[in-house]
Amino acid sequence: MGTEVTVLSQSLKKTDDGLRLGADYYHATSDPVTFAQLVGAFELIVNTISAKLDLDAYLGLLAVNGALANVGAPAEPLSLNVFSLIMRGRTYAGSLIGGIREPQEMLDFCAEHDIGSEIEVIPADKMNEAYDLVLASDVRYRFVIDTSTLA
C-alpha cells in the first residue's frame with residue numbers, strides 16, 4: 001500500500017514468510033548489529049510482542065518525531081530512559097483494542113485490501129500446551145482456539 005515495511009524479529013527463522021507476506025526487509029533483533037545499522041531508520045514501530053524488551057534500544061531506531069506503538073502487553077513492567085523520547089521528539093504510545101468497533105474496522109480493512117492472516121487452529125483441550133509454547137517463544141504465528149471442541 002505504498003509503505004516500506006521492515007520486520008524486526010528475534011531470529012531469522014521467519015524471514016521467508018515475512019518477505020512473502022509483504023515485508024521489504026527483515027532483521028533479527030538478537031543480532032546487536034541490527035540496532036547499530038538501523039539507528040533512526042523508522043518513523044513508526046508497532047510492537048506486537050508481549051515480552052519484556054529494551055525500550056531504549058527500540059526507541060533508538062526511530063527517526064526524529066518517530067513513534068513506537070505498543071500493542072503487546074508484557075506481564076512485567078517496562079522501563080525507559082526519558083531522554084530516549086525527549087532528545088529527538090519521539091513518542092511512546094499504547095493501544096488496547098478490545099471493543100467491537102475497532103476489530104470490525106480492522107476486519108473490514110483487511111477484506112477490502114485482500115489481507116489474510118497466518119494462524120494455527122487448536123482444539124480447546126490443547127490450551128495449556130499452546131500456552132507453554134507461547135512462553136517458550138515456539139509459536140510460528142498466532143493460536144486460534146476452536147471453542148466448538150469444548151465439551
# chains A, B, ... in the order shown; residues from 1 in each chain; ligands from 1
$ residues_around --residues "Gly66 (chain A)" --least-positions-apart "2" --cutoff "8 Å" --atoms "only C-alpha atoms" --output "list in words"
Phe42, Glu43, Leu44, Leu62, Ala63, Val64, Leu68, Gly89, Arg90 and Thr91 of chain A
$ select_by_dssp --residues "region 4-123 of chain A" --states "helix (DSSP H, G or I)" --output "ChimeraX atom specification"
/A:15-20,32-37,55-59,83-86,101-112
$ write_last_selection --atoms "N, CA and C atoms" --output "mmCIF file, in the first residue's frame"
data_model
loop_
_atom_site.group_PDB
_atom_site.id
_atom_site.type_symbol
_atom_site.label_atom_id
_atom_site.label_comp_id
_atom_site.auth_asym_id
_atom_site.auth_seq_id
_atom_site.Cartn_x
_atom_site.Cartn_y
_atom_site.Cartn_z
ATOM 1 N N THR A 15 12.112 -15.340 8.066
ATOM 2 C CA THR A 15 12.458 -14.396 7.005
ATOM 3 C C THR A 15 11.656 -14.645 5.738
ATOM 4 N N ASP A 16 11.640 -15.870 5.246
ATOM 5 C CA ASP A 16 10.923 -16.167 4.002
ATOM 6 C C ASP A 16 9.446 -15.813 4.122
ATOM 7 N N ASP A 17 8.847 -16.145 5.264
ATOM 8 C CA ASP A 17 7.433 -15.823 5.469
ATOM 9 C C ASP A 17 7.217 -14.313 5.512
ATOM 10 N N GLY A 18 8.063 -13.610 6.222
ATOM 11 C CA GLY A 18 7.923 -12.156 6.317
ATOM 12 C C GLY A 18 7.980 -11.485 4.960
ATOM 13 N N LEU A 19 8.925 -11.906 4.144
ATOM 14 C CA LEU A 19 9.051 -11.320 2.812
ATOM 15 C C LEU A 19 7.876 -11.734 1.920
ATOM 16 N N ARG A 20 7.434 -12.972 2.050
ATOM 17 C CA ARG A 20 6.291 -13.460 1.270
ATOM 18 C C ARG A 20 5.019 -12.705 1.632
ATOM 19 N N PRO A 32 23.150 -7.793 17.607
ATOM 20 C CA PRO A 32 23.384 -6.404 18.023
ATOM 21 C C PRO A 32 23.688 -5.471 16.844
ATOM 22 N N VAL A 33 24.182 -6.008 15.755
ATOM 23 C CA VAL A 33 24.470 -5.192 14.572
ATOM 24 C C VAL A 33 23.189 -4.560 14.035
ATOM 25 N N THR A 34 22.062 -5.247 14.205
ATOM 26 C CA THR A 34 20.773 -4.727 13.734
ATOM 27 C C THR A 34 20.507 -3.342 14.308
ATOM 28 N N PHE A 35 20.705 -3.183 15.604
ATOM 29 C CA PHE A 35 20.411 -1.903 16.243
ATOM 30 C C PHE A 35 21.393 -0.819 15.800
ATOM 31 N N ALA A 36 22.641 -1.185 15.543
ATOM 32 C CA ALA A 36 23.619 -0.208 15.058
ATOM 33 C C ALA A 36 23.302 0.217 13.625
ATOM 34 N N GLN A 37 22.896 -0.733 12.791
ATOM 35 C CA GLN A 37 22.598 -0.441 11.379
ATOM 36 C C GLN A 37 21.347 0.409 11.204
ATOM 37 N N LEU A 55 13.233 -0.941 25.745
ATOM 38 C CA LEU A 55 12.562 0.158 25.055
ATOM 39 C C LEU A 55 13.546 1.185 24.513
ATOM 40 N N ASP A 56 14.597 1.480 25.261
ATOM 41 C CA ASP A 56 15.563 2.473 24.801
ATOM 42 C C ASP A 56 16.221 2.049 23.489
ATOM 43 N N ALA A 57 16.512 0.764 23.353
ATOM 44 C CA ALA A 57 17.114 0.275 22.111
ATOM 45 C C ALA A 57 16.159 0.460 20.938
ATOM 46 N N TYR A 58 14.882 0.132 21.151
ATOM 47 C CA TYR A 58 13.892 0.282 20.079
ATOM 48 C C TYR A 58 13.600 1.745 19.778
ATOM 49 N N LEU A 59 13.534 2.571 20.818
ATOM 50 C CA LEU A 59 13.325 3.999 20.592
ATOM 51 C C LEU A 59 14.484 4.600 19.801
ATOM 52 N N PHE A 83 15.153 10.398 28.237
ATOM 53 C CA PHE A 83 15.934 11.069 27.199
ATOM 54 C C PHE A 83 15.812 10.360 25.851
ATOM 55 N N SER A 84 15.453 9.065 25.865
ATOM 56 C CA SER A 84 15.213 8.354 24.599
ATOM 57 C C SER A 84 14.033 8.965 23.851
ATOM 58 N N LEU A 85 13.148 9.624 24.587
ATOM 59 C CA LEU A 85 11.990 10.280 23.980
ATOM 60 C C LEU A 85 12.262 11.749 23.667
ATOM 61 N N ILE A 86 12.689 12.497 24.666
ATOM 62 C CA ILE A 86 12.711 13.950 24.529
ATOM 63 C C ILE A 86 13.849 14.497 23.664
ATOM 64 N N ARG A 101 -16.023 -2.047 17.801
ATOM 65 C CA ARG A 101 -15.836 -1.177 16.646
ATOM 66 C C ARG A 101 -14.452 -1.325 16.008
ATOM 67 N N GLU A 102 -13.380 -1.256 16.794
ATOM 68 C CA GLU A 102 -12.030 -1.285 16.233
ATOM 69 C C GLU A 102 -11.713 -2.599 15.524
ATOM 70 N N PRO A 103 -11.977 -3.763 16.149
ATOM 71 C CA PRO A 103 -11.713 -5.003 15.417
ATOM 72 C C PRO A 103 -12.550 -5.112 14.136
ATOM 73 N N GLN A 104 -13.784 -4.613 14.165
ATOM 74 C CA GLN A 104 -14.611 -4.659 12.959
ATOM 75 C C GLN A 104 -14.015 -3.787 11.865
ATOM 76 N N GLU A 105 -13.513 -2.607 12.233
ATOM 77 C CA GLU A 105 -12.858 -1.735 11.249
ATOM 78 C C GLU A 105 -11.634 -2.426 10.651
ATOM 79 N N MET A 106 -10.872 -3.114 11.501
ATOM 80 C CA MET A 106 -9.691 -3.828 11.022
ATOM 81 C C MET A 106 -10.093 -4.947 10.067
ATOM 82 N N LEU A 107 -11.123 -5.712 10.421
ATOM 83 C CA LEU A 107 -11.581 -6.797 9.551
ATOM 84 C C LEU A 107 -12.109 -6.255 8.228
ATOM 85 N N ASP A 108 -12.836 -5.139 8.264
ATOM 86 C CA ASP A 108 -13.336 -4.517 7.038
ATOM 87 C C ASP A 108 -12.179 -4.066 6.158
ATOM 88 N N PHE A 109 -11.160 -3.461 6.771
ATOM 89 C CA PHE A 109 -9.984 -3.011 6.030
ATOM 90 C C PHE A 109 -9.285 -4.198 5.372
ATOM 91 N N CYS A 110 -9.105 -5.267 6.134
ATOM 92 C CA CYS A 110 -8.448 -6.461 5.597
ATOM 93 C C CYS A 110 -9.245 -7.051 4.439
ATOM 94 N N ALA A 111 -10.557 -7.108 4.568
ATOM 95 C CA ALA A 111 -11.397 -7.644 3.492
ATOM 96 C C ALA A 111 -11.288 -6.767 2.247
ATOM 97 N N GLU A 112 -11.299 -5.467 2.443
ATOM 98 C CA GLU A 112 -11.224 -4.527 1.313
ATOM 99 C C GLU A 112 -9.898 -4.637 0.569
#
$ residues_around --residues "region 94-96 of chain A" --least-positions-apart "2" --cutoff "12 Å" --atoms "only C-alpha atoms" --output "PyMOL selection string"
chain A and resi 45-48+67-74+91-92+98-100+102-103
$ closest_residue --among "A:Leu8, A:Ala41, A:Gly60, A:Leu135" --to "Ala75 (chain A)" --atoms "only C-alpha atoms"
A:Leu135
$ select_by_dssp --residues "chain A" --states "strand (DSSP E)" --output "ChimeraX atom specification"
/A:6-9,25-28,42-47,62-70,91-94,119-123,142-146
$ residues_around --residues "Ile145 (chain A)" --least-positions-apart "4" --cutoff "6 Å" --atoms "only C-alpha atoms" --output "mmCIF file with C-alpha atoms, in the first residue's frame"
data_model
loop_
_atom_site.group_PDB
_atom_site.id
_atom_site.type_symbol
_atom_site.label_atom_id
_atom_site.label_comp_id
_atom_site.auth_asym_id
_atom_site.auth_seq_id
_atom_site.Cartn_x
_atom_site.Cartn_y
_atom_site.Cartn_z
ATOM 1 C CA VAL A 121 -6.171 -23.504 14.970
ATOM 2 C CA ILE A 122 -6.018 -25.640 18.113
ATOM 3 C CA PRO A 123 -8.710 -27.547 19.994
ATOM 4 C CA ALA A 124 -9.712 -26.117 23.366
#
$ atom_distance --atom1 "CA of Tyr141 (chain A)" --atom2 "CA of Glu76 (chain A)"
22.0 Å
$ atom_distance --atom1 "CA of Ser9 (chain A)" --atom2 "CA of Asp146 (chain A)"
27.3 Å
$ atom_distance --atom1 "CA of Val139 (chain A)" --atom2 "CA of Gln10 (chain A)"
12.3 Å
$ residues_around --residues "Lys126 (chain A)" --least-positions-apart "5" --cutoff "12 Å" --atoms "only C-alpha atoms" --output "ChimeraX atom specification"
/A:120-121,131-133,143-147,149-150
$ decode --residues "region 109-134 of chain A" --atoms "N, CA, C and O atoms" --output "mmCIF file, in the first residue's frame"
data_model
loop_
_atom_site.group_PDB
_atom_site.id
_atom_site.type_symbol
_atom_site.label_atom_id
_atom_site.label_comp_id
_atom_site.auth_asym_id
_atom_site.auth_seq_id
_atom_site.Cartn_x
_atom_site.Cartn_y
_atom_site.Cartn_z
ATOM 1 N N PHE A 109 -11.160 -3.461 6.771
ATOM 2 C CA PHE A 109 -9.984 -3.011 6.030
ATOM 3 C C PHE A 109 -9.285 -4.198 5.372
ATOM 4 O O PHE A 109 -8.918 -4.155 4.197
ATOM 5 N N CYS A 110 -9.105 -5.267 6.134
ATOM 6 C CA CYS A 110 -8.448 -6.461 5.597
ATOM 7 C C CYS A 110 -9.245 -7.051 4.439
ATOM 8 O O CYS A 110 -8.667 -7.439 3.418
ATOM 9 N N ALA A 111 -10.557 -7.108 4.568
ATOM 10 C CA ALA A 111 -11.397 -7.644 3.492
ATOM 11 C C ALA A 111 -11.288 -6.767 2.247
ATOM 12 O O ALA A 111 -11.147 -7.275 1.127
ATOM 13 N N GLU A 112 -11.299 -5.467 2.443
ATOM 14 C CA GLU A 112 -11.224 -4.527 1.313
ATOM 15 C C GLU A 112 -9.898 -4.637 0.569
ATOM 16 O O GLU A 112 -9.837 -4.467 -0.639
ATOM 17 N N HIS A 113 -8.829 -4.938 1.297
ATOM 18 C CA HIS A 113 -7.492 -4.974 0.699
ATOM 19 C C HIS A 113 -6.945 -6.390 0.527
ATOM 20 O O HIS A 113 -5.753 -6.565 0.272
ATOM 21 N N ASP A 114 -7.801 -7.382 0.676
ATOM 22 C CA ASP A 114 -7.426 -8.783 0.482
ATOM 23 C C ASP A 114 -6.240 -9.184 1.358
ATOM 24 O O ASP A 114 -5.272 -9.781 0.900
ATOM 25 N N ILE A 115 -6.336 -8.830 2.630
ATOM 26 C CA ILE A 115 -5.286 -9.152 3.602
ATOM 27 C C ILE A 115 -5.783 -10.307 4.461
ATOM 28 O O ILE A 115 -6.866 -10.235 5.044
ATOM 29 N N GLY A 116 -5.006 -11.371 4.532
ATOM 30 C CA GLY A 116 -5.356 -12.525 5.346
ATOM 31 C C GLY A 116 -4.431 -12.636 6.538
ATOM 32 O O GLY A 116 -3.631 -11.749 6.811
ATOM 33 N N SER A 117 -4.517 -13.743 7.239
ATOM 34 C CA SER A 117 -3.643 -13.950 8.391
ATOM 35 C C SER A 117 -3.122 -15.379 8.398
ATOM 36 O O SER A 117 -3.704 -16.273 7.790
ATOM 37 N N GLU A 118 -2.036 -15.553 9.090
ATOM 38 C CA GLU A 118 -1.426 -16.862 9.273
ATOM 39 C C GLU A 118 -1.727 -17.274 10.713
ATOM 40 O O GLU A 118 -1.297 -16.607 11.653
ATOM 41 N N ILE A 119 -2.488 -18.343 10.877
ATOM 42 C CA ILE A 119 -2.871 -18.784 12.218
ATOM 43 C C ILE A 119 -2.698 -20.293 12.335
ATOM 44 O O ILE A 119 -2.537 -20.991 11.335
ATOM 45 N N GLU A 120 -2.745 -20.766 13.555
ATOM 46 C CA GLU A 120 -2.786 -22.198 13.832
ATOM 47 C C GLU A 120 -3.997 -22.448 14.720
ATOM 48 O O GLU A 120 -4.071 -21.919 15.833
ATOM 49 N N VAL A 121 -4.963 -23.195 14.215
ATOM 50 C CA VAL A 121 -6.171 -23.504 14.970
ATOM 51 C C VAL A 121 -5.873 -24.700 15.875
ATOM 52 O O VAL A 121 -5.329 -25.712 15.428
ATOM 53 N N ILE A 122 -6.237 -24.557 17.150
ATOM 54 C CA ILE A 122 -6.018 -25.640 18.113
ATOM 55 C C ILE A 122 -7.333 -25.957 18.815
ATOM 56 O O ILE A 122 -8.161 -25.060 19.027
ATOM 57 N N PRO A 123 -7.521 -27.216 19.212
ATOM 58 C CA PRO A 123 -8.710 -27.547 19.994
ATOM 59 C C PRO A 123 -8.573 -26.973 21.407
ATOM 60 O O PRO A 123 -7.462 -26.768 21.905
ATOM 61 N N ALA A 124 -9.707 -26.728 22.036
ATOM 62 C CA ALA A 124 -9.712 -26.117 23.366
ATOM 63 C C ALA A 124 -8.924 -26.927 24.388
ATOM 64 O O ALA A 124 -8.294 -26.363 25.285
ATOM 65 N N ASP A 125 -8.901 -28.249 24.234
ATOM 66 C CA ASP A 125 -8.189 -29.065 25.228
ATOM 67 C C ASP A 125 -6.667 -28.988 25.086
ATOM 68 O O ASP A 125 -5.936 -29.592 25.862
ATOM 69 N N LYS A 126 -6.172 -28.227 24.110
ATOM 70 C CA LYS A 126 -4.721 -28.046 23.920
ATOM 71 C C LYS A 126 -4.248 -26.666 24.369
ATOM 72 O O LYS A 126 -3.121 -26.267 24.092
ATOM 73 N N MET A 127 -5.115 -25.933 25.086
ATOM 74 C CA MET A 127 -4.762 -24.576 25.510
ATOM 75 C C MET A 127 -3.520 -24.535 26.390
ATOM 76 O O MET A 127 -2.679 -23.665 26.236
ATOM 77 N N ASN A 128 -3.397 -25.473 27.329
ATOM 78 C CA ASN A 128 -2.238 -25.468 28.225
ATOM 79 C C ASN A 128 -0.939 -25.705 27.465
ATOM 80 O O ASN A 128 0.061 -25.035 27.711
ATOM 81 N N GLU A 129 -0.965 -26.650 26.521
ATOM 82 C CA GLU A 129 0.223 -26.901 25.701
ATOM 83 C C GLU A 129 0.551 -25.679 24.849
ATOM 84 O O GLU A 129 1.709 -25.302 24.691
ATOM 85 N N ALA A 130 -0.490 -25.043 24.307
ATOM 86 C CA ALA A 130 -0.285 -23.846 23.492
ATOM 87 C C ALA A 130 0.329 -22.729 24.323
ATOM 88 O O ALA A 130 1.250 -22.035 23.874
ATOM 89 N N TYR A 131 -0.155 -22.569 25.547
ATOM 90 C CA TYR A 131 0.377 -21.536 26.427
ATOM 91 C C TYR A 131 1.854 -21.778 26.717
ATOM 92 O O TYR A 131 2.669 -20.853 26.689
ATOM 93 N N ASP A 132 2.221 -23.024 26.955
ATOM 94 C CA ASP A 132 3.630 -23.359 27.188
ATOM 95 C C ASP A 132 4.485 -23.005 25.976
ATOM 96 O O ASP A 132 5.607 -22.518 26.105
ATOM 97 N N LEU A 133 3.961 -23.253 24.779
ATOM 98 C CA LEU A 133 4.684 -22.907 23.550
ATOM 99 C C LEU A 133 4.852 -21.398 23.412
ATOM 100 O O LEU A 133 5.901 -20.914 22.979
ATOM 101 N N VAL A 134 3.830 -20.656 23.787
ATOM 102 C CA VAL A 134 3.918 -19.192 23.748
ATOM 103 C C VAL A 134 5.021 -18.721 24.692
ATOM 104 O O VAL A 134 5.861 -17.894 24.326
#
